[in-house]
Structures are given as C-alpha cells and as structure tokens.
$ cat upload.pdb   # PDB, C-alpha atoms
MODEL        1
ATOM      1  CA  ASP A  16      95.733 102.330 111.245  1.00  0.00           C
ATOM      2  CA  ALA A  17      94.787 100.529 108.045  1.00  0.00           C
ATOM      3  CA  ALA A  18      91.077 101.331 108.298  1.00  0.00           C
ATOM      4  CA  VAL A  19      91.734 105.058 108.622  1.00  0.00           C
ATOM      5  CA  ALA A  20      94.294 105.079 105.800  1.00  0.00           C
ATOM      6  CA  ALA A  21      91.890 103.350 103.415  1.00  0.00           C
ATOM      7  CA  PHE A  22      89.024 105.590 104.574  1.00  0.00           C
ATOM      8  CA  LEU A  23      91.036 108.671 103.635  1.00  0.00           C
ATOM      9  CA  GLU A  24      91.352 107.362 100.063  1.00  0.00           C
ATOM     10  CA  ALA A  25      87.607 106.710  99.682  1.00  0.00           C
ATOM     11  CA  ALA A  26      85.101 108.833  97.794  1.00  0.00           C
ATOM     12  CA  PRO A  27      82.881 111.111  99.916  1.00  0.00           C
ATOM     13  CA  LYS A  28      79.770 108.967  99.350  1.00  0.00           C
ATOM     14  CA  ALA A  29      81.591 105.801 100.483  1.00  0.00           C
ATOM     15  CA  LYS A  30      82.957 107.612 103.542  1.00  0.00           C
ATOM     16  CA  SER A  31      79.492 108.762 104.531  1.00  0.00           C
ATOM     17  CA  ALA A  32      77.974 105.303 104.069  1.00  0.00           C
ATOM     18  CA  TRP A  33      80.715 103.673 106.167  1.00  0.00           C
ATOM     19  CA  LEU A  34      80.331 106.195 108.965  1.00  0.00           C
ATOM     20  CA  SER A  35      76.541 105.788 108.932  1.00  0.00           C
ATOM     21  CA  ALA A  36      76.900 101.997 109.147  1.00  0.00           C
ATOM     22  CA  GLY A  37      78.935 102.279 112.355  1.00  0.00           C
ATOM     23  CA  MET A  38      82.387 101.910 110.742  1.00  0.00           C
ATOM     24  CA  PRO A  39      82.375  98.099 110.467  1.00  0.00           C
ATOM     25  CA  LYS A  40      85.743  96.347 110.227  1.00  0.00           C
ATOM     26  CA  VAL A  41      86.772  92.726 109.748  1.00  0.00           C
ATOM     27  CA  VAL A  42      90.309  91.465 110.421  1.00  0.00           C
ATOM     28  CA  LEU A  43      91.526  88.582 108.272  1.00  0.00           C
ATOM     29  CA  LYS A  44      94.824  86.705 108.089  1.00  0.00           C
ATOM     30  CA  ALA A  45      97.005  86.625 104.981  1.00  0.00           C
ATOM     31  CA  ALA A  46      99.805  84.095 104.515  1.00  0.00           C
ATOM     32  CA  ASN A  47     102.659  86.562 104.054  1.00  0.00           C
ATOM     33  CA  GLU A  48     103.733  89.967 102.785  1.00  0.00           C
ATOM     34  CA  ALA A  49     103.395  88.880  99.160  1.00  0.00           C
ATOM     35  CA  ALA A  50      99.751  87.985  99.801  1.00  0.00           C
ATOM     36  CA  LEU A  51      99.164  91.434 101.319  1.00  0.00           C
ATOM     37  CA  GLN A  52     100.801  93.102  98.315  1.00  0.00           C
ATOM     38  CA  GLU A  53      98.628  91.049  95.949  1.00  0.00           C
ATOM     39  CA  LEU A  54      95.454  91.852  97.881  1.00  0.00           C
ATOM     40  CA  HIS A  55      96.324  95.554  97.802  1.00  0.00           C
ATOM     41  CA  ALA A  56      96.911  95.449  94.042  1.00  0.00           C
ATOM     42  CA  LYS A  57      93.637  93.593  93.422  1.00  0.00           C
ATOM     43  CA  ALA A  58      91.689  96.094  95.509  1.00  0.00           C
ATOM     44  CA  GLN A  59      93.197  99.016  93.622  1.00  0.00           C
ATOM     45  CA  SER A  60      92.523  97.319  90.272  1.00  0.00           C
ATOM     46  CA  ALA A  61      88.900  96.900  91.345  1.00  0.00           C
ATOM     47  CA  GLY A  62      88.704 100.634  92.070  1.00  0.00           C
ATOM     48  CA  MET A  63      88.394 100.128  95.822  1.00  0.00           C
ATOM     49  CA  PRO A  64      90.168 102.355  98.340  1.00  0.00           C
ATOM     50  CA  ALA A  65      93.153 100.442  99.718  1.00  0.00           C
ATOM     51  CA  ALA A  66      96.157 101.283 101.857  1.00  0.00           C
ATOM     52  CA  LEU A  67      99.249  99.170 102.396  1.00  0.00           C
ATOM     53  CA  ILE A  68     100.619  99.716 105.908  1.00  0.00           C
ATOM     54  CA  GLN A  69     104.312  99.541 106.771  1.00  0.00           C
ATOM     55  CA  ASP A  70     105.489  99.209 110.367  1.00  0.00           C
ATOM     56  CA  ALA A  71     107.321 102.160 111.912  1.00  0.00           C
ATOM     57  CA  GLY A  72     109.855  99.834 113.541  1.00  0.00           C
ATOM     58  CA  ARG A  73     109.282 100.940 117.130  1.00  0.00           C
ATOM     59  CA  THR A  74     108.827  97.394 118.443  1.00  0.00           C
ATOM     60  CA  VAL A  75     110.094  93.979 117.339  1.00  0.00           C
ATOM     61  CA  VAL A  76     109.004  94.375 113.707  1.00  0.00           C
ATOM     62  CA  PRO A  77     111.663  96.001 111.495  1.00  0.00           C
ATOM     63  CA  ALA A  78     110.811  99.430 110.062  1.00  0.00           C
ATOM     64  CA  GLY A  79     109.247  99.238 106.622  1.00  0.00           C
ATOM     65  CA  THR A  80     107.794  95.749 107.093  1.00  0.00           C
ATOM     66  CA  VAL A  81     104.366  95.478 105.449  1.00  0.00           C
ATOM     67  CA  THR A  82     102.051  94.401 108.267  1.00  0.00           C
ATOM     68  CA  CYS A  83      98.547  94.857 106.878  1.00  0.00           C
ATOM     69  CA  VAL A  84      96.333  96.276 104.169  1.00  0.00           C
ATOM     70  CA  GLY A  85      93.176  98.288 104.680  1.00  0.00           C
ATOM     71  CA  ILE A  86      90.432  97.912 102.078  1.00  0.00           C
ATOM     72  CA  GLY A  87      87.278  99.971 101.785  1.00  0.00           C
ATOM     73  CA  PRO A  88      84.938 101.476 102.608  1.00  0.00           C
ATOM     74  CA  ALA A  89      83.164  99.138 100.226  1.00  0.00           C
ATOM     75  CA  THR A  90      80.177  96.857 100.291  1.00  0.00           C
ATOM     76  CA  ALA A  91      80.537  93.502 102.007  1.00  0.00           C
ATOM     77  CA  ALA A  92      80.011  91.813  98.635  1.00  0.00           C
ATOM     78  CA  GLU A  93      82.826  93.803  97.015  1.00  0.00           C
ATOM     79  CA  VAL A  94      85.267  93.004  99.806  1.00  0.00           C
ATOM     80  CA  GLU A  95      84.189  89.354  99.868  1.00  0.00           C
ATOM     81  CA  LEU A  96      85.213  88.973  96.219  1.00  0.00           C
ATOM     82  CA  LEU A  97      88.779  89.812  97.206  1.00  0.00           C
ATOM     83  CA  THR A  98      89.001  88.235 100.646  1.00  0.00           C
ATOM     84  CA  GLY A  99      86.591  85.291 100.540  1.00  0.00           C
ATOM     85  CA  GLU A 100      89.334  82.693 100.947  1.00  0.00           C
ATOM     86  CA  LEU A 101      90.995  84.353 103.949  1.00  0.00           C
ATOM     87  CA  LYS A 102      90.315  83.254 107.516  1.00  0.00           C
ATOM     88  CA  LEU A 103      89.358  85.470 110.433  1.00  0.00           C
ATOM     89  CA  LEU A 104      92.312  86.484 112.573  1.00  0.00           C
TER      90      LEU A 104
ENDMDL
END

$ encode --input "upload.pdb" --output "structure tokens"
Amino acid sequence: DAAVAAFLEAAPKAKSAWLSAGMPKVVLKAANEAALQELHAKAQSAGMPAALIQDAGRTVVPAGTVTCVGIGPATAAEVELLTGELKLL
C-alpha cells in the first residue's frame, strides 16, 4: 500500500502527526507512469517521504508495472504544491 510505504519513510514527528490526524489520504489520478515517476522525483527533491509502488503481477497488471506513488505524511499545503493540478480519482 502506497500510504504505508511512504509512512515508513517519514520522520518520527511526521508519523506521529499523521496518526494523530486520523491518517488522512487523498487519491488522485496521474496521466501515466511517467507522470508518477515525475511526481515521485519531485516529492523526494522537496524532502517529502515518497514511495513508488510496483505491481506484483498477480492480476491483469504485469509484474513491475508502476501503479501509484505514495507521498507524505506531509502538510496539505506541501502536498498541494506537487499535486494541485491532478484530479480526484
């Protein structure tokens, strides 16, 4: 799960704040794998926890296919800077 993977990369203070806030998540749609890769790189460059998720290949999606990126825990404002143009899924 992208949220858990990104959470595991976060600093202890960010983890605590996210847990205290009720573990909020927002799911957005990216155009393609390249957009996910770019979003992941931008999040890392901004110093935000981020995890790129590859499918295990147990269903119709081939193994290794990048299917999503988890970003945060971070403030809504920080995430919005990276994802503001994306639409809700």

$ closest_residue --input "upload.pdb" --among "A:Ala89, A:Leu34, A:Val19, A:Val76" --to "Met63 of chain A" --atoms "only C-alpha atoms"
A:Ala89

$ atom_distance --input "upload.pdb" --atom1 "atom CA of Gln69 of chain A" --atom2 "atom CA of Leu101 of chain A"
20.4 Å

$ closest_residue --input "upload.pdb" --among "A:Cys83, A:Ala29, A:Ile68, A:Ala46" --to "Glu100 of chain A" --atoms "only C-alpha atoms"
A:Ala46

$ resolve_selection --input "upload.pdb" --expression "the PyMOL selection byres ((chain A and resi 23) around 12)" --output "MDAnalysis selection string"
chainID A and resid 16:22 24:27 29:31 33 63:66 85:88

$ residues_around --input "upload.pdb" --residues "Ala49 of chain A" --least-positions-apart "3" --cutoff "12 Å" --atoms "all atoms listed in the file" --output "list in words"
Ala45, Ala46, Gln52, Glu53, Leu54, His55, Ala56, Leu67, Thr80, Val81, Thr82, Cys83 and Val84 of chain A

$ atom_distance --input "upload.pdb" --atom1 "atom CA of Asp70 of chain A" --atom2 "atom CA of Lys44 of chain A"
16.6 Å

$ atom_distance --input "upload.pdb" --atom1 "atom CA of Ala32 of chain A" --atom2 "atom CA of Leu103 of chain A"
23.7 Å

$ closest_residue --input "upload.pdb" --among "A:Ala71, A:Ala91, A:Ala61, A:Leu51" --to "Ala36 of chain A" --atoms "all atoms listed in the file"
A:Ala91

$ resolve_selection --input "upload.pdb" --expression "the PyMOL selection byres ((chain A and resi 41) around 9)" --output "mmCIF file with C-alpha atoms, keeping the file's coordinate frame"
data_model
loop_
_atom_site.group_PDB
_atom_site.id
_atom_site.type_symbol
_atom_site.label_atom_id
_atom_site.label_comp_id
_atom_site.auth_asym_id
_atom_site.auth_seq_id
_atom_site.Cartn_x
_atom_site.Cartn_y
_atom_site.Cartn_z
ATOM 1 C CA PRO A 39 82.375 98.099 110.467
ATOM 2 C CA LYS A 40 85.743 96.347 110.227
ATOM 3 C CA VAL A 42 90.309 91.465 110.421
ATOM 4 C CA LEU A 43 91.526 88.582 108.272
ATOM 5 C CA LEU A 103 89.358 85.470 110.433
ATOM 6 C CA LEU A 104 92.312 86.484 112.573
#

$ closest_residue --input "upload.pdb" --among "A:Met38, A:Glu93, A:Lys28, A:Glu48" --to "Gly79 of chain A" --atoms "only C-alpha atoms"
A:Glu48
